Structures are given as structure tokens and as C-alpha cells.
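my_file16.txt (compact mmCIF, C-alpha atoms)
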# COMPACT_ATOMS: atom_id res chain seq x y z
CA MET A 1161 0.00 0.00 0.00
CA THR A 1162 1.38 3.37 -1.03
CA LEU A 1163 0.92 6.23 1.41
CA SER A 1164 -0.10 9.67 0.22
CA LEU A 1165 2.35 12.51 0.79
CA SER A 1166 0.14 13.95 3.53
CA ASP A 1167 0.07 10.54 5.27
CA LEU A 1168 3.85 10.21 4.94
CA VAL A 1169 4.40 13.60 6.52
CA CYS A 1170 1.55 13.88 9.01
CA LEU A 1171 0.74 10.43 10.37
CA SER A 1172 4.03 9.78 12.14
CA GLU A 1173 5.79 12.04 14.61
CA LYS A 1174 9.01 10.14 13.94
CA ARG A 1175 8.85 10.78 10.21
CA ARG A 1176 7.95 14.41 10.83
CA ALA A 1177 10.96 14.79 13.16
CA ILE A 1178 13.25 13.11 10.61
CA LEU A 1179 12.09 15.49 7.89
CA LEU A 1180 12.52 18.56 10.06
CA LEU A 1181 16.08 17.45 10.89
CA LEU A 1182 16.91 16.73 7.25
CA GLY A 1183 15.57 20.18 6.40
CA LYS A 1184 18.56 21.61 8.22
CA LYS A 1185 21.32 19.33 6.92
CA ASP A 1186 22.11 15.83 5.68
CA TYR A 1187 22.54 13.18 8.38
CA SER A 1188 24.15 9.78 8.67
CA ILE A 1189 22.19 7.00 10.36
CA ASP A 1190 24.36 7.39 13.47
CA GLU A 1191 23.69 11.13 13.65
CA LEU A 1192 19.95 10.59 13.18
CA THR A 1193 19.76 7.92 15.88
CA GLU A 1194 21.66 10.15 18.29
CA GLU A 1195 19.65 13.26 17.46
CA MET A 1196 16.34 11.44 17.76
CA ASP A 1197 17.38 9.26 20.71
CA MET A 1198 16.31 6.09 18.90
CA THR A 1199 17.94 2.83 17.98
CA PRO A 1200 18.83 2.20 14.34
CA HIS A 1201 16.39 -0.73 14.42
CA SER A 1202 13.44 1.52 15.29
CA LEU A 1203 14.53 4.28 12.90
CA MET A 1204 15.06 2.17 9.78
CA PRO A 1205 11.35 1.48 9.01
CA GLN A 1206 10.63 5.23 9.06
CA LEU A 1207 13.58 5.95 6.78
CA LYS A 1208 12.47 3.18 4.40
CA THR A 1209 8.93 4.58 4.29
CA LEU A 1210 10.24 8.05 3.48
CA ARG A 1211 12.61 6.66 0.82
CA ASP A 1212 9.83 4.59 -0.75
CA GLY A 1213 7.67 7.71 -0.81
CA GLY A 1214 10.37 9.64 -2.69
CA ILE A 1215 10.83 12.24 0.03
CA ILE A 1216 14.37 11.30 1.10
CA SER A 1217 17.29 9.51 -0.49
CA ALA A 1218 20.50 7.98 0.79
CA ALA A 1219 23.83 8.67 -0.88
CA GLY A 1220 27.32 8.17 0.45
CA GLY A 1221 26.04 7.10 3.86
CA LEU A 1222 24.02 10.29 4.29
CA TYR A 1223 20.28 10.74 4.22
CA GLU A 1224 19.08 13.84 2.41
CA LEU A 1225 15.86 15.34 1.15
CA THR A 1226 14.90 14.85 -2.47
CA PRO A 1227 13.77 17.94 -4.42
CA ILE A 1228 10.15 17.07 -3.54
CA GLY A 1229 11.22 16.55 0.08
CA ARG A 1230 12.81 20.01 0.15
CA VAL A 1231 9.59 21.60 -1.14
CA LEU A 1232 7.51 19.73 1.45
CA VAL A 1233 9.80 20.49 4.38
CA LYS A 1234 10.18 24.16 3.49
CA ASN A 1235 6.41 24.51 3.50
CA MET A 1236 5.73 22.31 6.51
CA TYR A 1237 8.13 24.13 8.85
CA PRO A 1238 5.71 26.91 9.77
CA VAL A 1239 2.83 24.50 10.36
CA PHE A 1240 4.72 21.95 12.43
CA GLU A 1241 6.70 24.52 14.39
CA THR A 1242 3.39 26.15 15.30
CA ILE A 1243 1.95 22.75 16.28
CA ASN A 1244 5.02 22.04 18.44
CA VAL A 1245 4.55 25.30 20.35
CA LEU A 1246 0.81 24.78 20.86
CA GLU A 1247 1.06 21.06 21.74
CA LYS A 1248 3.65 21.57 24.44
CA ASP A 1249 1.13 23.17 26.82
CA GLN A 1250 -2.12 22.63 24.98
CA ARG A 1251 -4.37 23.42 27.95
CA TYR A 1252 -2.56 26.72 28.49
CA TRP A 1253 -3.07 27.89 24.90
CA PHE A 1254 -6.66 26.70 24.56
CA ASP A 1255 -7.69 28.31 27.85
CA ARG A 1256 -6.46 31.72 26.66
CA ASN A 1257 -8.30 34.30 24.59
CA LEU A 1258 -5.77 34.78 21.81
CA SER A 1259 -8.12 37.06 19.87
CA VAL A 1260 -6.92 40.04 21.92
CA ILE A 1261 -3.37 39.56 20.63
CA PRO A 1262 -2.65 41.39 17.37
CA PRO A 1263 -2.81 39.01 14.37
CA GLU A 1264 0.76 39.96 13.41
CA LEU A 1265 1.92 38.33 16.64
CA THR A 1266 -0.31 35.24 16.63
CA GLU A 1267 0.82 34.51 13.07
CA ARG A 1268 4.38 34.35 14.42
CA ILE A 1269 3.60 32.13 17.43
CA ARG A 1270 5.90 29.42 16.05
CA GLU A 1271 8.86 31.74 16.68
CA ILE A 1272 8.47 31.08 20.40
CA GLY A 1273 10.18 27.75 19.76
CA ASP A 1274 11.11 25.69 22.78
CA TYR A 1275 9.84 27.31 25.94
CA LYS A 1276 9.18 26.68 29.60
CA LEU A 1277 5.89 27.78 31.08
CA LEU A 1278 6.43 29.48 34.44
CA ASP A 1279 3.24 29.62 36.45
CA TYR A 1280 3.33 31.76 39.58
CA ASP A 1281 0.80 32.94 42.09
CA LEU A 1282 1.30 36.66 41.48
CA SER A 1283 0.01 37.55 44.93
CA ASN A 1284 3.32 36.18 46.28
CA TYR A 1285 5.31 38.45 43.96
CA MET A 1286 3.62 41.81 44.26
CA PHE A 1287 6.89 43.78 44.34
CA ASP A 1288 9.40 41.12 43.30
CA VAL A 1289 10.06 39.23 40.12
CA PRO A 1290 10.38 35.45 40.69
CA ARG A 1291 14.02 34.37 40.92
CA GLU A 1292 13.68 31.57 38.34
CA PHE A 1293 12.28 34.06 35.82
CA CYS A 1294 15.23 36.44 36.42
CA ASP A 1295 17.74 33.61 36.03
CA LEU A 1296 16.23 32.42 32.76
CA PHE A 1297 15.85 35.97 31.47
CA ASN A 1298 19.52 36.73 32.20
CA LYS A 1299 20.60 33.62 30.24
CA SER A 1300 18.57 34.65 27.19
CA LYS A 1301 20.26 36.10 24.14
CA TYR A 1302 17.05 37.71 22.95
CA ALA A 1303 13.75 38.45 24.67
CA MET A 1304 10.44 40.03 23.77
CA CYS A 1305 7.71 40.79 26.23
CA LEU A 1306 3.99 41.34 25.92
CA LEU A 1307 2.40 42.32 29.20
CA SER A 1308 -1.25 42.32 30.06
CA ILE A 1309 -0.56 43.59 33.58
CA TYR A 1310 1.25 46.54 34.99
CA HIS A 1311 4.08 46.06 37.46
CA PRO A 1312 6.00 49.06 38.85
CA ILE A 1313 9.41 47.54 38.06
CA TYR A 1314 8.66 47.61 34.29
CA SER A 1315 8.20 51.37 34.16
CA GLU A 1316 11.96 51.76 34.68
CA MET A 1317 12.93 49.63 31.69

Is it possible to express this structure as C-alpha cells?
Amino acid sequence: MTLSLSDLVCLSEKRRAILLLLGKKDYSIDELTEEMDMTPHSLMPQLKTLRDGGIISAAGGLYELTPIGRVLVKNMYPVFETINVLEKDQRYWFDRNLSVIPPELTERIREIGDYKLLDYDLSNYMFDVPREFCDLFNKSKYAMCLLSIYHPIYSEM
């Protein structure tokens, strides 16, 4: 049975992860198993399925995207990166009213990337910023902030 392209790409998280990795560079089987934290035995069926579907090829010990694979991956990045952000804390996102956020920002929600949700009882931090937040903020190379509350400390920034 031949899978459709949408089935090849969408029905398996492993295949999706492989494609997203190969969208960045070519990988050997050892690099893929290490990157995906899988055994070669569990990875091989996914690679075979993608090869049979014409999305990837193997040459010189490296797996790479075919021209069709490159088109698919380039166009699936925004969708799957957005899904990754929203799936990480699904309840958080679905319990929020995102309609109050400007569309220009919600369209870029995938740019959040990997994140850690810090949930604090703000009544304990009326005049202080939580230490963990400060530590993570200081380690960041780049930060953007959208506040729906006013805190006196932010007026000085």
C-alpha cells in the first residue's frame, strides 16, 4: 500500500521529526539515531517509508531530502513549528483568549520555539520578580515581552 504525501508527513511524529532534521542538513544514520534518541532498528522502518515515498534519499552514507522533500519540508516548517509550540502546553493555549493579541503576533507564534511555562501565584510576587524568571531571562540572548498587567518595576525599563 502506497501512502499519500500527507500521510507520509503527518501520520508519524518520527517521520515528521526526521524530515525537520533533514531540512537543516544531511545526516548519517548514526547522527539521526543520536539526534532522535532512537535505535537504528526503530529508525530504519521510518527511513524506508520516506525513501519509498520519494521524500528522502540515501547517498554516500548520508540521508538527504529529495527535491520534492525540500519543497515539502520548506512549506511544513511553519505548520509543524506552530503545532510544536501549541502542543507543548495545549491546555494553556486553549484556555487563553488569543483574539486580543494582534494578528501579526499570533501569526508568528511558532517563533516562540522551545519554551518553559512558568506559572506563579502573582500575589506572592507583588513587588518582586520570581528568581527563576530572572535567572532564565539573564541567560537569554534575545527576549520580547507582551504584558497584560502593569508592574512598577517595568516602568523603569

(message) Residues near A:Lys1248, anyone? I mean within 12 Å using only C-alpha atoms, not counting same-chain ones fewer than 4 positions away, as an NGL selection string.
(response) :A and (1241-1244 or 1252-1254 or 1270 or 1272-1277)

Skipping near chain neighbours, those fewer than 2 positions away, what residues fall within 10 Å of A:Ile1178 using only C-alpha atoms, listed as a CSV table (one decimal) with C-alpha atoms, in the frame of the given file?
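Printed below is around-v1.csv as written:
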chain,number,residue,atom,x,y,z
A,1169,VAL,CA,4.4,13.6,6.5
A,1172,SER,CA,4.0,9.8,12.1
A,1173,GLU,CA,5.8,12.0,14.6
A,1174,LYS,CA,9.0,10.1,13.9
A,1175,ARG,CA,8.8,10.8,10.2
A,1176,ARG,CA,8.0,14.4,10.8
A,1180,LEU,CA,12.5,18.6,10.1
A,1181,LEU,CA,16.1,17.4,10.9
A,1182,LEU,CA,16.9,16.7,7.2
A,1183,GLY,CA,15.6,20.2,6.4
A,1187,TYR,CA,22.5,13.2,8.4
A,1192,LEU,CA,20.0,10.6,13.2
A,1193,THR,CA,19.8,7.9,15.9
A,1195,GLU,CA,19.6,13.3,17.5
A,1196,MET,CA,16.3,11.4,17.8
A,1203,LEU,CA,14.5,4.3,12.9
A,1206,GLN,CA,10.6,5.2,9.1
A,1207,LEU,CA,13.6,6.0,6.8
A,1210,LEU,CA,10.2,8.0,3.5
A,1216,ILE,CA,14.4,11.3,1.1
A,1223,TYR,CA,20.3,10.7,4.2

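Here atom CA of A:Gly1229 stands at a distance of 10.0 Å from atom CA of A:Arg1211.
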
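Reported to one decimal place, the separation of atom CA of A:Ile1269 from atom CA of A:Lys1301 is 18.4 Å.
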
(request) Would you list the contacts of A:Gly1213 as an MDAnalysis selection string, taking every protein, DNA or RNA residue within 9 Å and counting only C-alpha atoms, but skipping same-chain residues closer than 2 positions in sequence? (result) chainID A and resid 1162:1165 1168 1208:1211 1215:1216

(message) To one decimal place in Å, what is the distance between atom CA of A:Asn1298 and atom CA of A:Glu1267?
(response) 26.8 Å

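Among the candidates A:Asp1167, A:Glu1191, A:Asp1197, A:Asp1186, the one nearest to A:Ala1219 when counting all atoms listed in the file is A:Asp1186.
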
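Minimum atom-to-atom distances from A:Glu1194, A:Glu1224, A:Glu1271, A:Asp1212 to A:Leu1179 were compared using all atoms listed in the file, and the lowest value belongs to A:Glu1224.
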
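Closest approach to A:Ser1166 from the set A:Ala1218, A:Ile1261, A:Ala1303, A:Met1236 is made by A:Met1236, with distances taken over all atoms listed in the file.
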
Padding 8 Å on each side, edges along x, y and z: where is the centre of the box around the listed atoms of stretch 1267-1273 of chain A, and how long are its edges in Å to one decimal? Output it as JSON.
{"center_x": 5.5, "center_y": 31.1, "center_z": 16.7, "size_x": 25.4, "size_y": 22.8, "size_z": 23.3}

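Each of A:Pro1227, A:Phe1287, A:Leu1246, A:Pro1200 was compared to A:Thr1266 using all atoms listed in the file, and A:Leu1246 turns out to be the nearest.
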
(request) Go through A:Cys1170, A:Met1304, A:Leu1265, A:Met1286 one by one, measure the shortest atom-to-atom distance of each to A:Val1233 using only C-alpha atoms, and give the residue with the smallest value. (result) A:Cys1170
